[in-house]
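A.B. asks: Got a structure for you, model-v6.pdb, holding PDB, C-alpha atoms, pLDDT in the B column.
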ATOM      1  CA  MET A   1     -20.254 -13.073  22.764  1.00 85.00           C
ATOM      2  CA  GLU A   2     -21.835 -15.479  25.211  1.00 87.00           C
ATOM      3  CA  GLU A   3     -22.943 -17.554  22.226  1.00 92.00           C
ATOM      4  CA  ILE A   4     -19.376 -17.635  20.898  1.00 93.00           C
ATOM      5  CA  LEU A   5     -18.065 -18.734  24.288  1.00 93.00           C
ATOM      6  CA  ASN A   6     -20.618 -21.530  24.488  1.00 93.00           C
ATOM      7  CA  LYS A   7     -20.011 -22.697  20.917  1.00 93.00           C
ATOM      8  CA  HIS A   8     -16.248 -22.366  20.492  1.00 93.00           C
ATOM      9  CA  PHE A   9     -14.794 -22.087  23.994  1.00 94.00           C
ATOM     10  CA  GLN A  10     -16.741 -24.504  26.144  1.00 93.00           C
ATOM     11  CA  MET A  11     -13.699 -26.153  27.722  1.00 94.00           C
ATOM     12  CA  ALA A  12     -12.206 -24.149  30.576  1.00 92.00           C
ATOM     13  CA  LYS A  13      -9.538 -26.597  31.783  1.00 94.00           C
ATOM     14  CA  MET A  14      -6.231 -26.291  30.023  1.00 94.00           C
ATOM     15  CA  SER A  15      -5.468 -29.993  30.546  1.00 94.00           C
ATOM     16  CA  GLU A  16      -8.659 -31.023  28.734  1.00 95.00           C
ATOM     17  CA  VAL A  17      -7.921 -28.741  25.806  1.00 95.00           C
ATOM     18  CA  GLY A  18      -4.327 -29.966  25.578  1.00 94.00           C
ATOM     19  CA  GLU A  19      -5.342 -33.631  25.624  1.00 94.00           C
ATOM     20  CA  LYS A  20      -7.954 -33.073  22.908  1.00 94.00           C
ATOM     21  CA  TYR A  21      -5.551 -31.246  20.612  1.00 93.00           C
ATOM     22  CA  GLU A  22      -2.701 -33.689  21.217  1.00 91.00           C
ATOM     23  CA  ASN A  23      -4.849 -36.662  20.241  1.00 91.00           C
ATOM     24  CA  GLU A  24      -6.044 -34.895  17.094  1.00 90.00           C
ATOM     25  CA  ILE A  25      -2.513 -33.948  16.064  1.00 87.00           C
ATOM     26  CA  TYR A  26      -1.191 -37.455  16.758  1.00 85.00           C
ATOM     27  CA  ASP A  27      -3.771 -38.870  14.317  1.00 84.00           C
ATOM     28  CA  GLU A  28      -2.889 -36.352  11.592  1.00 84.00           C
ATOM     29  CA  PRO A  29       0.216 -34.287  12.492  1.00 79.00           C
ATOM     30  CA  GLY A  30       0.225 -32.050   9.437  1.00 80.00           C
ATOM     31  CA  ALA A  31      -3.479 -31.230   9.402  1.00 85.00           C
ATOM     32  CA  SER A  32      -5.018 -27.913  10.420  1.00 89.00           C
ATOM     33  CA  ASN A  33      -6.726 -27.577  13.788  1.00 93.00           C
ATOM     34  CA  LEU A  34     -10.194 -26.970  12.352  1.00 93.00           C
ATOM     35  CA  SER A  35     -11.987 -26.361  15.650  1.00 93.00           C
ATOM     36  CA  LEU A  36      -9.412 -23.777  16.699  1.00 96.00           C
ATOM     37  CA  ALA A  37      -9.471 -22.202  13.238  1.00 95.00           C
ATOM     38  CA  SER A  38     -13.215 -21.580  13.490  1.00 96.00           C
ATOM     39  CA  ALA A  39     -12.751 -20.244  17.031  1.00 96.00           C
ATOM     40  CA  ILE A  40     -10.153 -17.772  15.759  1.00 97.00           C
ATOM     41  CA  VAL A  41     -12.592 -16.436  13.160  1.00 96.00           C
ATOM     42  CA  ALA A  42     -15.384 -16.088  15.729  1.00 96.00           C
ATOM     43  CA  TYR A  43     -13.045 -14.362  18.201  1.00 96.00           C
ATOM     44  CA  SER A  44     -11.721 -11.932  15.596  1.00 96.00           C
ATOM     45  CA  ASP A  45     -15.228 -10.953  14.505  1.00 96.00           C
ATOM     46  CA  ALA A  46     -16.370 -10.455  18.111  1.00 95.00           C
ATOM     47  CA  ILE A  47     -13.403  -8.259  18.958  1.00 95.00           C
ATOM     48  CA  SER A  48     -13.701  -6.163  15.789  1.00 95.00           C
ATOM     49  CA  ASN A  49     -17.421  -5.628  16.456  1.00 95.00           C
ATOM     50  CA  SER A  50     -16.659  -4.579  20.021  1.00 94.00           C
ATOM     51  CA  VAL A  51     -14.079  -2.078  18.797  1.00 95.00           C
ATOM     52  CA  ASP A  52     -16.673  -0.606  16.426  1.00 95.00           C
ATOM     53  CA  HIS A  53     -19.099  -0.185  19.336  1.00 95.00           C
ATOM     54  CA  ILE A  54     -16.429   1.460  21.469  1.00 95.00           C
ATOM     55  CA  ASN A  55     -15.632   3.855  18.621  1.00 95.00           C
ATOM     56  CA  ALA A  56     -19.303   4.841  18.510  1.00 95.00           C
ATOM     57  CA  LEU A  57     -19.329   5.493  22.270  1.00 94.00           C
ATOM     58  CA  GLU A  58     -16.135   7.553  22.014  1.00 94.00           C
ATOM     59  CA  ARG A  59     -17.702   9.602  19.241  1.00 95.00           C
ATOM     60  CA  PHE A  60     -20.849  10.147  21.320  1.00 94.00           C
ATOM     61  CA  ILE A  61     -18.833  11.481  24.269  1.00 94.00           C
ATOM     62  CA  SER A  62     -16.600  13.696  22.129  1.00 92.00           C
ATOM     63  CA  LEU A  63     -19.647  15.320  20.534  1.00 92.00           C
ATOM     64  CA  HIS A  64     -20.947  16.240  24.001  1.00 91.00           C
ATOM     65  CA  VAL A  65     -17.772  17.859  25.322  1.00 89.00           C
ATOM     66  CA  PRO A  66     -18.615  21.522  26.093  1.00 87.00           C
ATOM     67  CA  GLN A  67     -16.570  24.546  25.161  1.00 81.00           C
ATOM     68  CA  MET A  68     -13.660  25.470  27.436  1.00 77.00           C
ATOM     69  CA  GLU A  69     -14.502  27.739  30.360  1.00 76.00           C
ATOM     70  CA  ASP A  70     -13.663  28.143  34.053  1.00 76.00           C
ATOM     71  CA  GLY A  71     -15.639  26.353  36.770  1.00 75.00           C
ATOM     72  CA  ASN A  72     -18.193  23.577  36.929  1.00 72.00           C
ATOM     73  CA  ASN A  73     -15.908  21.091  35.195  1.00 83.00           C
ATOM     74  CA  PHE A  74     -16.664  17.942  37.193  1.00 88.00           C
ATOM     75  CA  GLY A  75     -18.879  16.606  34.399  1.00 89.00           C
ATOM     76  CA  VAL A  76     -16.066  17.135  31.913  1.00 91.00           C
ATOM     77  CA  THR A  77     -13.747  15.156  34.188  1.00 91.00           C
ATOM     78  CA  VAL A  78     -16.273  12.313  34.078  1.00 93.00           C
ATOM     79  CA  GLN A  79     -16.277  12.465  30.291  1.00 93.00           C
ATOM     80  CA  LEU A  80     -12.493  12.391  30.113  1.00 93.00           C
ATOM     81  CA  THR A  81     -12.239   9.508  32.610  1.00 94.00           C
ATOM     82  CA  ILE A  82     -14.673   7.324  30.692  1.00 95.00           C
ATOM     83  CA  SER A  83     -13.092   8.269  27.356  1.00 95.00           C
ATOM     84  CA  LYS A  84      -9.716   7.217  28.738  1.00 95.00           C
ATOM     85  CA  PHE A  85     -11.124   3.850  29.797  1.00 95.00           C
ATOM     86  CA  LEU A  86     -12.667   3.365  26.345  1.00 96.00           C
ATOM     87  CA  GLN A  87      -9.326   4.088  24.673  1.00 96.00           C
ATOM     88  CA  GLU A  88      -7.435   1.726  26.984  1.00 95.00           C
ATOM     89  CA  THR A  89      -9.993  -1.027  26.424  1.00 95.00           C
ATOM     90  CA  LYS A  90      -9.750  -0.611  22.664  1.00 95.00           C
ATOM     91  CA  GLU A  91      -5.945  -0.788  22.732  1.00 95.00           C
ATOM     92  CA  LYS A  92      -6.108  -3.928  24.860  1.00 94.00           C
ATOM     93  CA  LEU A  93      -8.521  -5.585  22.407  1.00 94.00           C
ATOM     94  CA  PHE A  94      -6.299  -4.715  19.444  1.00 92.00           C
ATOM     95  CA  LYS A  95      -3.294  -6.160  21.259  1.00 93.00           C
ATOM     96  CA  GLY A  96      -5.171  -9.428  21.693  1.00 92.00           C
ATOM     97  CA  LEU A  97      -5.602  -9.674  17.921  1.00 93.00           C
ATOM     98  CA  GLU A  98      -1.846  -9.380  17.372  1.00 93.00           C
ATOM     99  CA  ARG A  99      -1.169 -12.853  18.754  1.00 93.00           C
ATOM    100  CA  ILE A 100      -3.085 -14.526  15.898  1.00 95.00           C
ATOM    101  CA  PRO A 101      -0.671 -13.856  12.986  1.00 95.00           C
ATOM    102  CA  ALA A 102       2.252 -14.691  15.287  1.00 94.00           C
ATOM    103  CA  TYR A 103       0.578 -18.019  16.098  1.00 95.00           C
ATOM    104  CA  TYR A 104       0.230 -18.934  12.421  1.00 95.00           C
ATOM    105  CA  GLY A 105       3.907 -18.277  11.788  1.00 94.00           C
ATOM    106  CA  ASN A 106       5.050 -20.254  14.827  1.00 94.00           C
ATOM    107  CA  ARG A 107       2.731 -23.149  14.019  1.00 93.00           C
ATOM    108  CA  ALA A 108       4.006 -23.338  10.443  1.00 91.00           C
ATOM    109  CA  ASP A 109       7.582 -23.568  11.770  1.00 91.00           C
ATOM    110  CA  ALA A 110       6.571 -26.239  14.299  1.00 88.00           C
ATOM    111  CA  ILE A 111       4.931 -28.354  11.581  1.00 87.00           C
ATOM    112  CA  ASP A 112       8.085 -28.156   9.466  1.00 86.00           C
ATOM    113  CA  LYS A 113      10.095 -29.437  12.422  1.00 82.00           C
ATOM    114  CA  LEU A 114       7.863 -32.498  12.670  1.00 80.00           C
ATOM    115  CA  GLY A 115       9.693 -33.806   9.604  1.00 72.00           C
ATOM    116  CA  ILE A 116       6.573 -35.405   8.153  1.00 62.00           C
ATOM    117  CA  SER A 117       7.074 -37.242   4.885  1.00 53.00           C
ATOM    118  CA  LYS A 118       6.455 -34.992   1.889  1.00 57.00           C
ATOM    119  CA  SER A 119       6.309 -35.892  -1.765  1.00 55.00           C
ATOM    120  CA  THR A 120       7.249 -33.645  -4.655  1.00 63.00           C
ATOM    121  CA  ILE A 121       6.503 -34.371  -8.284  1.00 67.00           C
ATOM    122  CA  SER A 122       8.646 -32.971 -11.067  1.00 66.00           C
ATOM    123  CA  GLU A 123       7.925 -33.183 -14.760  1.00 71.00           C
ATOM    124  CA  THR A 124      10.569 -32.939 -17.463  1.00 74.00           C
ATOM    125  CA  VAL A 125       9.566 -32.467 -21.087  1.00 71.00           C
ATOM    126  CA  THR A 126      12.207 -32.993 -23.764  1.00 75.00           C
ATOM    127  CA  LYS A 127      11.617 -31.879 -27.344  1.00 72.00           C
ATOM    128  CA  THR A 128      13.832 -32.872 -30.280  1.00 72.00           C
ATOM    129  CA  VAL A 129      13.689 -31.196 -33.649  1.00 63.00           C
ATOM    130  CA  SER A 130      15.452 -32.900 -36.594  1.00 65.00           C
ATOM    131  CA  LEU A 131      15.818 -31.880 -40.237  1.00 59.00           C
ATOM    132  CA  VAL A 132      15.108 -34.596 -42.811  1.00 59.00           C
ATOM    133  CA  ASN A 133      16.566 -33.945 -46.276  1.00 61.00           C
ATOM    134  CA  GLY A 134      15.250 -35.262 -49.551  1.00 56.00           C
ATOM    135  CA  GLY A 135      11.980 -36.622 -48.421  1.00 56.00           C
ATOM    136  CA  LYS A 136       9.007 -37.235 -50.649  1.00 61.00           C
ATOM    137  CA  ASP A 137       7.822 -33.715 -50.043  1.00 61.00           C
ATOM    138  CA  GLY A 138      11.284 -32.190 -49.856  1.00 59.00           C
ATOM    139  CA  ASP A 139      13.127 -31.168 -46.760  1.00 59.00           C
ATOM    140  CA  GLU A 140      11.045 -31.225 -43.566  1.00 64.00           C
ATOM    141  CA  ASN A 141      11.400 -30.759 -39.810  1.00 64.00           C
ATOM    142  CA  LYS A 142      10.341 -33.539 -37.508  1.00 66.00           C
ATOM    143  CA  THR A 143       9.654 -32.918 -33.822  1.00 69.00           C
ATOM    144  CA  SER A 144       9.524 -35.574 -31.137  1.00 69.00           C
ATOM    145  CA  SER A 145       8.932 -35.080 -27.427  1.00 70.00           C
ATOM    146  CA  SER A 146       9.147 -37.193 -24.295  1.00 70.00           C
ATOM    147  CA  THR A 147       7.857 -36.530 -20.783  1.00 73.00           C
ATOM    148  CA  VAL A 148       9.392 -37.904 -17.590  1.00 71.00           C
ATOM    149  CA  ASN A 149       7.542 -37.620 -14.255  1.00 71.00           C
ATOM    150  CA  GLU A 150       9.535 -38.128 -11.064  1.00 68.00           C
ATOM    151  CA  GLU A 151       8.183 -38.293  -7.504  1.00 62.00           C
ATOM    152  CA  LYS A 152      10.479 -37.846  -4.505  1.00 61.00           C
ATOM    153  CA  CYS A 153       9.585 -38.454  -0.867  1.00 54.00           C
ATOM    154  CA  THR A 154      11.449 -36.819   2.007  1.00 52.00           C
ATOM    155  CA  GLY A 155      10.970 -36.954   5.768  1.00 51.00           C
ATOM    156  CA  VAL A 156       9.617 -39.650   8.039  1.00 50.00           C
ATOM    157  CA  ASP A 157       6.294 -41.446   8.289  1.00 53.00           C
ATOM    158  CA  LYS A 158       3.748 -39.695  10.502  1.00 53.00           C
ATOM    159  CA  ASN A 159       3.791 -42.642  12.905  1.00 57.00           C
ATOM    160  CA  MET A 160       7.484 -41.987  13.597  1.00 53.00           C
ATOM    161  CA  VAL A 161       7.097 -38.310  14.501  1.00 62.00           C
ATOM    162  CA  SER A 162       8.533 -37.466  17.916  1.00 76.00           C
ATOM    163  CA  ARG A 163       5.910 -37.388  20.629  1.00 83.00           C
ATOM    164  CA  TYR A 164       7.530 -34.289  22.098  1.00 83.00           C
ATOM    165  CA  ARG A 165       7.216 -32.474  18.787  1.00 85.00           C
ATOM    166  CA  ILE A 166       3.521 -33.317  18.810  1.00 87.00           C
ATOM    167  CA  LYS A 167       3.221 -32.080  22.408  1.00 89.00           C
ATOM    168  CA  HIS A 168       4.933 -28.855  21.400  1.00 90.00           C
ATOM    169  CA  LEU A 169       2.483 -28.298  18.559  1.00 92.00           C
ATOM    170  CA  ALA A 170      -0.494 -29.171  20.761  1.00 93.00           C
ATOM    171  CA  SER A 171       0.721 -26.796  23.477  1.00 94.00           C
ATOM    172  CA  MET A 172       0.825 -23.940  20.950  1.00 95.00           C
ATOM    173  CA  ASP A 173      -2.790 -24.612  19.956  1.00 96.00           C
ATOM    174  CA  THR A 174      -3.793 -24.943  23.606  1.00 97.00           C
ATOM    175  CA  GLN A 175      -2.098 -21.699  24.604  1.00 96.00           C
ATOM    176  CA  LEU A 176      -3.810 -19.762  21.841  1.00 97.00           C
ATOM    177  CA  TYR A 177      -7.174 -21.321  22.737  1.00 97.00           C
ATOM    178  CA  MET A 178      -6.827 -20.224  26.355  1.00 97.00           C
ATOM    179  CA  ASP A 179      -5.576 -16.769  25.370  1.00 96.00           C
ATOM    180  CA  LEU A 180      -8.550 -16.259  23.060  1.00 97.00           C
ATOM    181  CA  ARG A 181     -10.998 -17.598  25.631  1.00 96.00           C
ATOM    182  CA  ASN A 182      -9.646 -15.359  28.373  1.00 96.00           C
ATOM    183  CA  GLY A 183      -9.517 -12.436  25.955  1.00 95.00           C
ATOM    184  CA  LEU A 184     -13.159 -12.932  25.062  1.00 95.00           C
ATOM    185  CA  VAL A 185     -14.191 -13.170  28.732  1.00 95.00           C
ATOM    186  CA  ASP A 186     -12.202 -10.021  29.450  1.00 95.00           C
ATOM    187  CA  CYS A 187     -13.890  -8.311  26.518  1.00 95.00           C
ATOM    188  CA  VAL A 188     -17.317  -9.174  27.944  1.00 94.00           C
ATOM    189  CA  ASN A 189     -16.312  -7.856  31.378  1.00 95.00           C
ATOM    190  CA  SER A 190     -14.902  -4.629  29.924  1.00 94.00           C
ATOM    191  CA  TYR A 191     -17.976  -4.149  27.776  1.00 91.00           C
ATOM    192  CA  LEU A 192     -20.292  -4.539  30.759  1.00 94.00           C
ATOM    193  CA  THR A 193     -18.137  -2.128  32.776  1.00 95.00           C
ATOM    194  CA  ILE A 194     -18.349   0.451  29.987  1.00 94.00           C
ATOM    195  CA  LEU A 195     -22.115   0.178  29.753  1.00 93.00           C
ATOM    196  CA  ASP A 196     -22.445   0.344  33.536  1.00 95.00           C
ATOM    197  CA  ASN A 197     -20.293   3.486  33.768  1.00 93.00           C
ATOM    198  CA  MET A 198     -22.148   5.174  30.941  1.00 92.00           C
ATOM    199  CA  GLU A 199     -25.528   4.340  32.416  1.00 94.00           C
ATOM    200  CA  LYS A 200     -24.553   5.611  35.865  1.00 93.00           C
ATOM    201  CA  ASN A 201     -23.078   8.823  34.441  1.00 93.00           C
ATOM    202  CA  LYS A 202     -25.486   9.346  31.589  1.00 92.00           C
ATOM    203  CA  ASP A 203     -26.514  12.833  32.674  1.00 92.00           C
ATOM    204  CA  LYS A 204     -22.907  13.978  33.071  1.00 91.00           C
ATOM    205  CA  LEU A 205     -21.955  12.536  29.692  1.00 92.00           C
ATOM    206  CA  ILE A 206     -24.819  14.244  27.880  1.00 91.00           C
ATOM    207  CA  SER A 207     -24.778  17.541  29.820  1.00 90.00           C
ATOM    208  CA  PRO A 208     -21.482  17.764  31.725  1.00 88.00           C
ATOM    209  CA  LYS A 209     -22.257  21.297  32.930  1.00 83.00           C
ATOM    210  CA  GLY A 210     -25.925  20.695  33.646  1.00 78.00           C
ATOM    211  CA  SER A 211     -29.028  21.651  31.715  1.00 63.00           C
ATOM    212  CA  TYR A 212     -27.760  25.130  31.024  1.00 54.00           C
ATOM    213  CA  GLY A 213     -24.108  24.351  30.454  1.00 49.00           C
ATOM    214  CA  GLY A 214     -24.376  23.728  26.743  1.00 49.00           C
ATOM    215  CA  ASN A 215     -22.987  20.835  24.723  1.00 51.00           C
ATOM    216  CA  SER A 216     -21.040  22.685  22.064  1.00 46.00           C
ATOM    217  CA  MET A 217     -18.575  20.581  20.212  1.00 45.00           C
ATOM    218  CA  GLY A 218     -15.048  21.242  21.385  1.00 42.00           C
ATOM    219  CA  MET A 219     -12.129  20.069  23.492  1.00 39.00           C
ATOM    220  CA  TYR A 220     -11.762  20.654  27.197  1.00 37.00           C
TER     221      TYR A 220
END
Can the structure in the file be given as structure tokens, please?

C.D. replies:
Amino acid sequence: MEEILNKHFQMAKMSEVGEKYENEIYDEPGASNLSLASAIVAYSDAISNSVDHINALERFISLHVPQMEDGNNFGVTVQLTISKFLQETKEKLFKGLERIPAYYGNRADAIDKLGISKSTISETVTKTVSLVNGGKDGDENKTSSSTVNEEKCTGVDKNMVSRYRIKHLASMDTQLYMDLRNGLVDCVNSYLTILDNMEKNKDKLISPKGSYGGNSMGMY
């Protein structure tokens, strides 16, 4: 994840990100934000991999929960506490992924509102069939066709797009960039916290009731 941060999320200042995106959009308002698009893919893969790792840790703990019995349950409390943190972390990571499809929809609407000139081409094919009587070879059908291509342009030239519309679009890209960057940093912090807690409580997680408590599969 550190590699992803260094490659796709180097800029930490929101003003720098906003200025970069605004200049890119001003040059080509209707184009995709390619750098952000690649960052989205990298972020999504990192989060999904982290969720897989958390699932494995949850499975490890659940398989070491002892059978229900009275007394000496402090180790089980440790297991439940860490399992709860794993579940909360996973839910938080999934929630971070939800903003991506919403961003695509909002960005598509914002691009439409730019009013950039668009061209549409329509093609009309007309066929005419006529019957000719008394020809050299008798009656015959003759078919003729004609094709008409029409191109229509709507909207305004990209150089006439409102600067505020461009700022709005750039701010959407900037906000998502910062959200993803902060989400990735938070993922790293949560991941380190999980590993730290599991390392410190390794004995309790493996043998919550001690060496002779047993690790039968079950639910406390």

A.B. asks: When the PyMOL selection byres ((chain A and resi 29) around 8) is applied to the structure above, which residues does it catch, written out as a count of residues only?

C.D. replies: 12

A.B. asks: Report, in Å with one decimal, the straight-line distance from CA of Ser44 (chain A) to CA of Ala110 (chain A).

C.D. replies: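 Value for the CA of Ser44 (chain A)-CA of Ala110 (chain A) distance: 23.3 Å.
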
A.B. asks: Taking only C-alpha atoms into account, which of A:Arg99, A:His8, A:Lys127, A:Lys167 comes nearest Asp179 (chain A)?

C.D. replies: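 Selected residue with least distance to Asp179 (chain A): A:Arg99.
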
A.B. asks: Please define a box with edges along x, y and z of the file around all atoms of region 55-65 of chain A given in the file, extend it by 5 Å on each side, and return its centre and edge lengths in Å to one decimal, as AutoDock Vina command-line options.

C.D. replies:
--center_x -18.3 --center_y 10.9 --center_z 21.9 --size_x 15.3 --size_y 24.0 --size_z 16.8

A.B. asks: Care to translate the PyMOL selection byres ((chain A and resi 198) around 12) into actual residues of this file, as a list in words?

C.D. replies: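 Applied to this file, the PyMOL selection byres ((chain A and resi 198) around 12) selects Ile54, Leu57, Glu58, Phe60, Ile61, Val78, Gln79, Thr81, Ile82, Ser83, Phe85, Leu86, Tyr191, Leu192, Thr193, Ile194, Leu195, Asp196, Asn197, Glu199, Lys200, Asn201, Lys202, Asp203, Lys204, Leu205 and Ile206 of chain A.
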
A.B. asks: For CA of Ser38 (chain A) and CA of Ile4 (chain A), quote the distance in Å rounded to one decimal.

C.D. replies: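 These atoms are spaced 10.4 Å apart.
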
A.B. asks: Taking the file as I've supplied it (selection: the PyMOL selection byres ((chain A and resi 72) around 9)), which residues are included? Please answer as a PyMOL selection string.

C.D. replies: chain A and resi 69-71+73-76+208-210+213

A.B. asks: Taking all atoms listed in the file into account, name the residue in A:Glu2, A:Glu88, A:Glu19, A:Asp52 that is nearest to Ser190 (chain A).

C.D. replies: A:Glu88

A.B. asks: Of the residues A:Val125, A:Leu169, A:Ile100, A:Val185, which is the one nearest to Asp112 (chain A), using all atoms listed in the file?

C.D. replies: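 Closest residue, counting all atoms listed in the file: A:Leu169.
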